[in-house]
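The structure under discussion appears below in the form of structure tokens.
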Amino acid sequence: MTNDSSPNEQQLEAAFQARIDAEEKIEPKDWMPERYRKNLIRQISQHAHSEVIGMQPEGNWITRAPTLHRKAVLLAKVQDECGHGLYLYSATETLGITREELIEALHSGAAKYASIFNYPSLTWADIGAIGWLVDGAAIVNQVSLQRTSYGPYARGMVRICKEESFHQRQGYHIMMTLMQGSDEQRAMAQDAVNRFWWPSLMMFGPHDAESAHSAQSMTWKIKRQSNDELRQKFVDQSVEQAEVIGLTLPDPDLKWNEERGHYDFGEIDWDEFNRVISGSGPCNRQRIAHHVAAHEDGAWVREAIAAHEAKKQQRASKAA
Amino acid sequence: MTQHMKLYEVFIRSRRGLDHKHVGSLHAEDPEQALEYARDVYTRRSEGVSIWVVNSSDIHASQEGDCESFYDPLDDKPYRHATHYQLPDKVNNM
Amino acid sequence: MTTDLTRATADYAVRLGDDALILGHRLSEWCSNGPFLEEDLALTNVALDYIGRARMFLGYGAQLIGGDCTEDTLAYQRDCREFTNLLINELPRGDFAFTMARQYLLDEHALLFLEALQGSSDAELAAIATKAIKETRYHLRRSREWMLRLGDGTEESRRRLQQALEDIWGYLPELFAMDELERELLAAGIAVDREALEAPWRRAVSATFAETDVTLPADGWRVDGGRTGYHTEHLGHLLSELQFVQRAYPGCQW
């Protein structure tokens with residue numbers, strides 16, 4: 001085959017976009033534009049890091065869960081997040097980057113994770129609020145991503161959505177139990193909602209008009225629904241859930257709009273959003289420091305594995 | 001870590017009688033460890049009755065460029081597919 | 001069963017539950033702290049098995065004790081002196097070598113112990129043992145491989161493993177010690193004869209470490225006390241964490 005007969009970049013990109021427009025999945029060995037690959041690596045690894053960093057605020061309560069049943073559920077849930085991080089790192093690795101590189105990017109700050117995990121889990125009710133609201137928001141996003149154009153990411157999402165169905169329910173169940181309890185417990189639950197409601201809305205990212213990656217991601221069908229669409233969906237589903245158990249969502253502007261068929265809600269504090277993203281959230285430094293420490297503490301273990309494997313190979317080749 | 005721990009592809013048979021299906025990958029030192037981690041990572045809800053792990057580097061995949069010669073010749077044999085045969089409604093779920 | 005024997009069986013179930021709860025607590029501390037993700041997940045799986053085991057033993061103990069007693073009143077409303085877990089289970093998680101060495105030594109013991117408990121004349125204890133032994137076979141397979149890896153790996157991993165064994169060794173005799181309660185229950189066919197487990201345990205452990213470059217410590221120092229509530233100082237801190245919510249907000253449903 002001569003160079004002349006092989007398709008040029010433009011033709012390849014046209015064929016690539018045609019495949020996406022036809023709702024076909026892109027698979028690891030397919031040709032893809034370098035920008036698509038980079039964009040995917042950024043998004044999937046950010047998602048993976050979020051799962052892994054997200055283990056910290058919830059892991060913070062495993063040893064203090066108030067009943068053995070709650071302890072088992074929470075441990076299983078945080079373990080799921082760990083597994084989800086792993087599925088997503090696997091999906092990212094199909095794009096030709098190693099897990100070690102991904103972890104380095106997290107530690108250096110080059111890669112981001114969901115800003116919500118920079119908020120502290122201060123009381124047991126926070127575990128309920130995180131499950132109900134934070135997982136609730138994440139699931140709205142992930143359900144949409146099951147149709148993302150990159151095959152390994154889409155399949156990971158299907159798996160994750162299936163497993164996460166109990167996460168939101170257990171959180172809601174914690175809140176429900178607290179609301180049926182003592183005055184102190186109800187106050188604890190309301191306080192948690194007051195602190196986690198707005199950051200949960202921020203999880204969907206900036207307004208569509210201001211989102212840096214949105215337009216291209218929609219064309220490539222990496223993202224299937226816009227930030228604002230997904231946020232609206234989450235607000236609509238949360239209002240009734242809060243009412244049923246007697247919680248108040250901390251937004252005076254929240255009201256049903258008959259014309260739109262949706263709830264109107266107040267404006268997000270974008271200054272806070274930007275502050276937390278750029279490093280001034282309550283826990284940014286602790287989250288990364290925790291991850292770095294665990295990774296560094298584990299270095300000798302990983303080295304031992306490598307050394308053992310090398311010796312095993314050596315012994316095998318000597319015996320042969 | 002990835003410098004020394006190998007990448008394994010994981011396949012799970014979810015029920016007797018079904019094929020092993022690719023579910024994802026993980027890092028492990030050797031096949032035994034890969035099997036153990038596969039159990040913990042991919043079968044936490046007893047999704048499997050049998051697990052295969054395969055070194056990712058041992059998988060040989062057909063190339064995009066081979067696509068035409070690989071698959072196109074198979075496209076012109078619709079009679080290999082059950083849907084090719086229109087049957088009376090009464091027996092159509094054959 | 002006579003009242004005395006019922007109460008003794010309850011105490012026996014509670015001590016086995018305490019063993020599982022406290023070890024499960026230590027293992028759960030690894031969540032988000034593992035050396036890499038696959039191992040983080042695997043370790044917390046073991047922790048989850050132990051929390052489950054604690055619930056079975058404590059639940060049974062609570063049932064025998066009767067009244068308002070539940071798995072949760074046992075776990076959350078007793079103080080240090082009333083906990084009867086083995087001391088080895090409450091030692092802080094230490095580094096990965098310490099955690100895995102303790103786990104391996106306990107897994108070898110648990111396998112023998114649960115095999116024997118399956119033959120208990122108490123049907124409930126026998127049933128719990130049958131469920132738990134499946135998990136323990138898997139735990140042991142994992143922890144044994146880690147002994148081979150760390151014991152063969154690098155200079156550092158061997159040194160850390162050796163140190164862990166030295167630090168653990170004196171807490172092991174308690175695994176094989178029989179007190180009055182267990183002797184009485186053994187005579188009734190309910191409890192396991194711990195003394196009979198020591199020789200096969202030593203054989204298994206020696207065989208494993210013979211495949212590595214670490215050496216088993218000589219017997220010498222030993223510390224007992226868990227079964228009589230005479231603990232290390234670590235347990236109080238563990239309990240203040242474990243029980244914080246229930247202690248701060250007494251009498252609530254969670």
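Residue names in the structure tokens use chain letters A, B, ... in the order shown, residue numbers from 1 in each chain, and ligand numbers from 1 in the order shown.
Proximity to stretch 38-42 of chain B at 9 Å, evaluated using only C-alpha atoms and with sequence-adjacent residues fewer than 6 positions away removed, yields Asp80, Cys82, Gly83, His84, Leu86 and Tyr87 of chain A; Val10, Phe11, Ile12, Val23, Gly24, Ser25, Leu26, Gly48, Ile51, Trp52 and Val53 of chain B; Glu38, Leu41, Ala42 and Asn45 of chain C.
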Report as a short mmCIF file (atom, residue, chain, number, x, y, z; two decimals) with all heavy atoms, in the first residue's frame the set of chain A residues whose atoms approach chain B to within 6 Å, with distances computed over only C-alpha atoms.
```cif
data_model
loop_
_atom_site.label_atom_id
_atom_site.label_comp_id
_atom_site.auth_asym_id
_atom_site.auth_seq_id
_atom_site.Cartn_x
_atom_site.Cartn_y
_atom_site.Cartn_z
N GLY A 83 -14.04 -0.12 43.62
CA GLY A 83 -14.18 -0.94 42.41
C GLY A 83 -14.50 -0.08 41.19
O GLY A 83 -13.96 -0.30 40.11
N SER A 90 -9.30 1.22 34.34
CA SER A 90 -9.15 0.23 33.26
C SER A 90 -9.60 0.81 31.93
O SER A 90 -8.93 0.65 30.91
CB SER A 90 -10.00 -1.01 33.53
OG SER A 90 -9.58 -1.66 34.68
N GLU A 100 -0.09 4.40 36.58
CA GLU A 100 0.92 5.19 37.29
C GLU A 100 0.90 6.65 36.81
O GLU A 100 0.95 7.58 37.61
CB GLU A 100 2.30 4.57 37.05
CG GLU A 100 3.42 5.16 37.88
CD GLU A 100 3.29 4.82 39.36
OE1 GLU A 100 2.68 3.79 39.71
OE2 GLU A 100 3.81 5.60 40.16
N ALA A 306 7.16 -6.82 42.82
CA ALA A 306 7.97 -6.85 41.60
C ALA A 306 9.21 -7.72 41.81
O ALA A 306 9.56 -8.54 40.95
CB ALA A 306 8.37 -5.44 41.21
#
```
Identify all chain C residues at most 8 Å from chain A by counting only C-alpha atoms; ligands do not count. Present them as a compact mmCIF listing (two decimals) with C-alpha atoms, in the first residue's frame.
```txt
# COMPACT_ATOMS: atom_id res chain seq x y z
CA HIS C 25 -12.55 -2.89 62.69
CA SER C 28 -11.67 -1.69 57.82
CA GLU C 29 -9.16 1.02 58.71
CA CYS C 31 -10.18 1.38 53.37
CA SER C 32 -8.66 4.10 51.11
CA ASN C 33 -5.21 3.35 52.60
CA GLY C 34 -4.23 0.20 50.68
CA PRO C 35 -0.98 -0.04 48.69
CA PHE C 36 -2.92 -0.15 45.42
CA LEU C 37 -6.59 -0.26 44.46
CA GLU C 38 -6.91 -4.00 43.85
CA ASP C 40 -7.59 -1.99 48.96
CA LEU C 41 -10.67 -3.71 47.63
CA THR C 44 -11.95 -4.44 52.76
CA ASN C 45 -13.67 -7.57 51.47
CA LEU C 48 -16.63 -7.06 55.49
CA ILE C 51 -18.14 -7.62 60.34
CA GLY C 52 -20.63 -10.17 59.02
CA ARG C 55 -23.00 -9.93 63.58
CA GLU C 71 -25.91 -7.36 68.44
CA ASP C 72 -25.76 -3.57 68.69
CA ALA C 75 -21.09 -3.89 70.24
CA TYR C 76 -21.92 -0.33 71.26
CA PHE C 96 0.99 -3.70 55.57
CA ARG C 149 5.75 -12.43 48.47
CA LEU C 150 6.89 -10.29 51.38
CA ASP C 152 10.89 -13.37 49.38
CA GLY C 153 10.54 -9.86 47.91
CA THR C 154 12.99 -7.11 48.86
CA GLU C 156 12.81 -4.07 53.13
CA SER C 157 9.80 -6.36 52.85
CA GLU C 241 -14.35 5.57 67.89
CA LEU C 242 -16.60 2.56 67.32
CA GLN C 243 -19.17 3.68 69.89
CA PHE C 244 -19.02 7.45 69.51
CA VAL C 245 -22.43 8.05 67.88
CA GLN C 246 -24.38 5.78 70.18
CA CYS C 252 -31.83 6.55 69.39
CA GLN C 253 -32.59 4.43 66.35
CA TRP C 254 -30.07 4.72 63.52
```
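Relative to atom CA of A:Leu201, atom CA of A:Phe234 is found at 8.1 Å.
Within stretch 141-309 of chain A, DSSP run on the backbone puts these residues in strand (DSSP E): Lys255, Trp256, Asn257, His262, Tyr263 and Asp264 of chain A.
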Next item on the list: Return the single residue from B:His20, B:Asn55, B:Arg13, B:Thr43 that is closest to chain C, with distances computed using only C-alpha atoms.
Entry: B:Thr43
Check: What lies within 8 Å of C:Tyr104 using only C-alpha atoms, ignoring chain neighbours under 4 positions off, as a list in words?
Finding: Met100, Glu108, Leu140, Ser143, Arg144 and Met147 of chain C
Expected file: the selected residues, C-alpha atoms, as an mmCIF file, in the first residue's frame:
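out.cif, freshly written:
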```
data_model
loop_
_atom_site.group_PDB
_atom_site.id
_atom_site.type_symbol
_atom_site.label_atom_id
_atom_site.label_comp_id
_atom_site.auth_asym_id
_atom_site.auth_seq_id
_atom_site.Cartn_x
_atom_site.Cartn_y
_atom_site.Cartn_z
ATOM 1 C CA MET C 100 -0.885 -9.356 56.664
ATOM 2 C CA GLU C 108 -4.305 -20.559 59.860
ATOM 3 C CA LEU C 140 -5.900 -17.872 54.061
ATOM 4 C CA SER C 143 -2.628 -14.058 53.296
ATOM 5 C CA ARG C 144 -0.390 -17.071 52.749
ATOM 6 C CA MET C 147 3.776 -14.142 53.326
#
```
Check: With only C-alpha atoms as the atoms that count, which of A:Asp30, A:Glu93, A:Glu9, A:Glu163 lies nearest to B:Glu47?
Finding: A:Glu163
